[in-house]
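Q: What follows is a structure written as structure tokens; I'll ask about it next.
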Amino acid sequence: GKQIVFLRSSAASAAAFAVLHLLRWPSTLIGRLTCSFLLGYLLSLLNGDERRPDSRRSLSLLALVQRFWHVVLPVFFDIDCKVDIEELRKCDQCIVAVHPHGVLSLGHYLVISGFHPDLEKALPARRRCALSAGVLFKVPVVREIALGMGCVDAHRDVAKRCLSKGFSLSVVPGGEREQLLAQRGQVEELVLKQRQGFVRLALQHGVPIVPVYVFGEAQ
């Protein structure tokens, strides 16, 4: 879990500092401490946590993000969420498919963080994993935030592992290609015809698909 990752990184940093101190490289103490920290973080960066469901989820971070969204988003966006709570309550496990991707993928962020209280009650964030672009887990700090919010690499095997362990999934099927179609105007284009992997997953695992459409996301 999170404690094991922290201990391993700390141990690696301590060992690196000891070696660098003996070698007296870099010449300054600050330089040795910095190099030691970076080596320890590199170990965390390459440990593959993004392929393991619920490996670094932080309920405290989720609660903080929820509060942040509720304060900040209404200032910039007119958000009106409608949730079929009765149908959602029937879903012990499901795949939430969010459309369209848009530039910011704001709709998926709102799903991940459980922005709507009815959604959070029916499908609590602690029981969901969000399939996310692999590049997010290569960027320091962004990786930690994504893992803390329950994001995992959007690979088929990872998705299967999440479903097998009883987690629900959220996904933006259109991906990067749909993101590039975002433009101002009255027409919103979706990339769905060739994106049927999430449907096959739902059939294989016997879980329903819950569609989410975010009007204005692509504007």
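Ordered as shown in the structure tokens, chains take letters A, B, and onward, while each chain numbers its residues from 1 and ligands are numbered from 1 in the order shown.
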Show me, as a ChimeraX atom specification, the residues that have an atom within 8 Å of segment 135-148 of chain A when counting only C-alpha atoms, minus same-chain residues fewer than 5 positions from it.
A: /A:45,49-50,55-59,61-62,153
Q: Could you name the residues that touch segment 201-208 of chain A at 7 Å or less, counting only C-alpha atoms, but leaving out those on the same chain fewer than 5 positions away, as a PyMOL selection string?
A: chain A and resi 93-95
Q: Keeping N, CA and C atoms, export the residues of the selection given above as a short mmCIF file (atom, residue, chain, number, x, y, z; two decimals), in the first residue's frame.
A:
```
data_model
loop_
_atom_site.label_atom_id
_atom_site.label_comp_id
_atom_site.auth_asym_id
_atom_site.auth_seq_id
_atom_site.Cartn_x
_atom_site.Cartn_y
_atom_site.Cartn_z
N GLN A 93 -22.10 -2.76 -9.38
CA GLN A 93 -20.88 -2.56 -10.14
C GLN A 93 -21.27 -2.19 -11.56
N CYS A 94 -20.55 -1.27 -12.18
CA CYS A 94 -20.90 -0.84 -13.53
C CYS A 94 -19.71 -0.20 -14.22
N ILE A 95 -19.90 0.15 -15.48
CA ILE A 95 -18.92 0.93 -16.24
C ILE A 95 -19.58 2.25 -16.60
#
```
Q: Could you tell me how far atom CA of Lys82 of chain A lies from atom CA of Glu189 of chain A, in Å and to one decimal?
A: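 So the answer is 21.8 Å.
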Q: Using backbone DSSP assignments, extract all alpha helix (DSSP H) residues from segment 100-217 of chain A; output them as a PDB file with C-alpha atoms, in the first residue's frame.
A:
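Writing done, so here's out.pdb:
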```pdb
ATOM      1  CA  LEU A 106     -14.133  18.077 -17.073  1.00  0.00           C
ATOM      2  CA  GLY A 107     -17.048  15.638 -17.043  1.00  0.00           C
ATOM      3  CA  HIS A 108     -14.744  12.754 -16.207  1.00  0.00           C
ATOM      4  CA  TYR A 109     -13.095  14.772 -13.422  1.00  0.00           C
ATOM      5  CA  LEU A 110     -16.533  15.375 -11.920  1.00  0.00           C
ATOM      6  CA  VAL A 111     -17.319  11.661 -12.064  1.00  0.00           C
ATOM      7  CA  ILE A 112     -13.934  10.695 -10.586  1.00  0.00           C
ATOM      8  CA  SER A 113     -14.308  13.104  -7.678  1.00  0.00           C
ATOM      9  CA  PRO A 117     -23.843  13.810  -3.996  1.00  0.00           C
ATOM     10  CA  ASP A 118     -26.349  11.321  -5.478  1.00  0.00           C
ATOM     11  CA  LEU A 119     -23.615   9.790  -7.629  1.00  0.00           C
ATOM     12  CA  GLU A 120     -21.328   9.535  -4.623  1.00  0.00           C
ATOM     13  CA  LYS A 121     -24.048   7.814  -2.577  1.00  0.00           C
ATOM     14  CA  ALA A 122     -24.928   5.287  -5.281  1.00  0.00           C
ATOM     15  CA  VAL A 142       0.297  14.732 -11.635  1.00  0.00           C
ATOM     16  CA  ARG A 143       0.953  11.018 -11.171  1.00  0.00           C
ATOM     17  CA  GLU A 144       0.540  11.271  -7.397  1.00  0.00           C
ATOM     18  CA  ILE A 145      -2.718  13.212  -7.682  1.00  0.00           C
ATOM     19  CA  ALA A 146      -4.105  10.760 -10.261  1.00  0.00           C
ATOM     20  CA  LEU A 147      -3.221   7.721  -8.143  1.00  0.00           C
ATOM     21  CA  GLY A 148      -4.629   9.385  -5.039  1.00  0.00           C
ATOM     22  CA  ARG A 156      -7.466  -3.568 -21.200  1.00  0.00           C
ATOM     23  CA  ASP A 157      -5.725  -5.878 -18.734  1.00  0.00           C
ATOM     24  CA  VAL A 158      -5.869  -3.231 -16.003  1.00  0.00           C
ATOM     25  CA  ALA A 159      -9.587  -2.667 -16.652  1.00  0.00           C
ATOM     26  CA  LYS A 160     -10.223  -6.422 -16.411  1.00  0.00           C
ATOM     27  CA  ARG A 161      -8.291  -6.579 -13.146  1.00  0.00           C
ATOM     28  CA  CYS A 162     -10.372  -3.746 -11.668  1.00  0.00           C
ATOM     29  CA  LEU A 163     -13.662  -5.371 -12.643  1.00  0.00           C
ATOM     30  CA  SER A 164     -12.515  -8.774 -11.379  1.00  0.00           C
ATOM     31  CA  GLY A 175     -10.039   9.271 -25.904  1.00  0.00           C
ATOM     32  CA  GLU A 176      -7.473  11.558 -27.487  1.00  0.00           C
ATOM     33  CA  ARG A 177      -9.032  11.350 -30.954  1.00  0.00           C
ATOM     34  CA  GLU A 178     -12.325  12.712 -29.625  1.00  0.00           C
ATOM     35  CA  GLN A 179     -10.452  15.368 -27.653  1.00  0.00           C
ATOM     36  CA  GLY A 197     -13.784  -2.360 -25.951  1.00  0.00           C
ATOM     37  CA  PHE A 198     -15.705  -1.032 -22.938  1.00  0.00           C
ATOM     38  CA  VAL A 199     -18.866  -2.734 -24.265  1.00  0.00           C
ATOM     39  CA  ARG A 200     -17.065  -6.078 -24.543  1.00  0.00           C
ATOM     40  CA  LEU A 201     -15.731  -5.644 -21.001  1.00  0.00           C
ATOM     41  CA  ALA A 202     -19.253  -5.007 -19.715  1.00  0.00           C
ATOM     42  CA  LEU A 203     -20.544  -8.132 -21.459  1.00  0.00           C
ATOM     43  CA  GLN A 204     -17.662 -10.297 -20.268  1.00  0.00           C
ATOM     44  CA  HIS A 205     -18.076  -9.237 -16.639  1.00  0.00           C
TER      45      HIS A 205
END
```
Q: Give the strand (DSSP E or B) residues of segment 54-103 of chain A, as DSSP finds them on the backbone, and put them as a list in words.
A: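 For segment 54-103 of chain A, the strand (DSSP E or B) set is Ile95, Val96, Ala97, Val98 and His99 of chain A.
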Q: Put those residues in a file: N, CA and C atoms, as a PDB file, in the first residue's frame.
A:
```
ATOM      1  N   ILE A  95     -19.899   0.148 -15.482  1.00  0.00           N
ATOM      2  CA  ILE A  95     -18.921   0.931 -16.235  1.00  0.00           C
ATOM      3  C   ILE A  95     -19.582   2.251 -16.598  1.00  0.00           C
ATOM      4  N   VAL A  96     -19.036   3.349 -16.096  1.00  0.00           N
ATOM      5  CA  VAL A  96     -19.559   4.686 -16.391  1.00  0.00           C
ATOM      6  C   VAL A  96     -18.832   5.208 -17.626  1.00  0.00           C
ATOM      7  N   ALA A  97     -19.570   5.389 -18.719  1.00  0.00           N
ATOM      8  CA  ALA A  97     -18.980   5.861 -19.971  1.00  0.00           C
ATOM      9  C   ALA A  97     -19.308   7.339 -20.151  1.00  0.00           C
ATOM     10  N   VAL A  98     -18.279   8.175 -20.156  1.00  0.00           N
ATOM     11  CA  VAL A  98     -18.469   9.630 -20.203  1.00  0.00           C
ATOM     12  C   VAL A  98     -18.217  10.140 -21.622  1.00  0.00           C
ATOM     13  N   HIS A  99     -19.143  10.958 -22.126  1.00  0.00           N
ATOM     14  CA  HIS A  99     -19.035  11.550 -23.465  1.00  0.00           C
ATOM     15  C   HIS A  99     -19.366  13.041 -23.376  1.00  0.00           C
TER      16      HIS A  99
END
```
Q: For each of A:Arg184, A:His155, A:Arg127, A:His116, take the minimum atom-to-atom distance to Arg51 of chain A, counting only C-alpha atoms, then give the residue where this is smallest.
A: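 Selected residue with least distance to Arg51 of chain A: A:His155.
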Q: Determine the nearest neighbour of Val65 of chain A from the options A:Met149, A:Leu38, A:Val103, A:Leu88, counting only C-alpha atoms.
A: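 For Val65 of chain A, the nearest of the candidates is A:Met149.
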Q: Out of A:Pro26, A:Asn47, A:Ala16, A:Leu123, which residue has the shortest atom-to-atom distance to Lys90 of chain A when counting only C-alpha atoms?
A: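 Going through A:Pro26, A:Asn47, A:Ala16, A:Leu123 one by one, the smallest distance to Lys90 of chain A is for A:Leu123.
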Q: Between atom CA of Arg126 of chain A and atom CA of Phe167 of chain A, measure the distance and give it in Å to one decimal.
A: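 Rounded to one decimal, the two atoms are 8.7 Å apart.
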Q: Hey, what's within 10 Å of Ala218 of chain A if we count only C-alpha atoms and toss same-chain stuff fewer than 2 positions away? As a list in words, please?
A: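 My list of contacting residues is His99, Pro100, His101, Gly102, Val103, Leu104, Ser105, Leu106, Glu178, Gln179, Leu180, Leu181, Ala182, Gln183, Arg184, Gly185, Gln186, Val187, Glu188, Glu189, Leu190, Val214, Phe215 and Gly216 of chain A.
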Q: Just how far from atom CA of Trp25 of chain A is atom CA of Phe37 of chain A, in Å to one decimal?
A: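 Spanning atom CA of Phe37 of chain A to atom CA of Trp25 of chain A is a straight-line distance of 14.3 Å.
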Q: With distances taken over only C-alpha atoms, which residue among A:Ala125, A:Ala133, A:Val152, A:Val71 lies nearest Gly174 of chain A?
A: A:Ala133
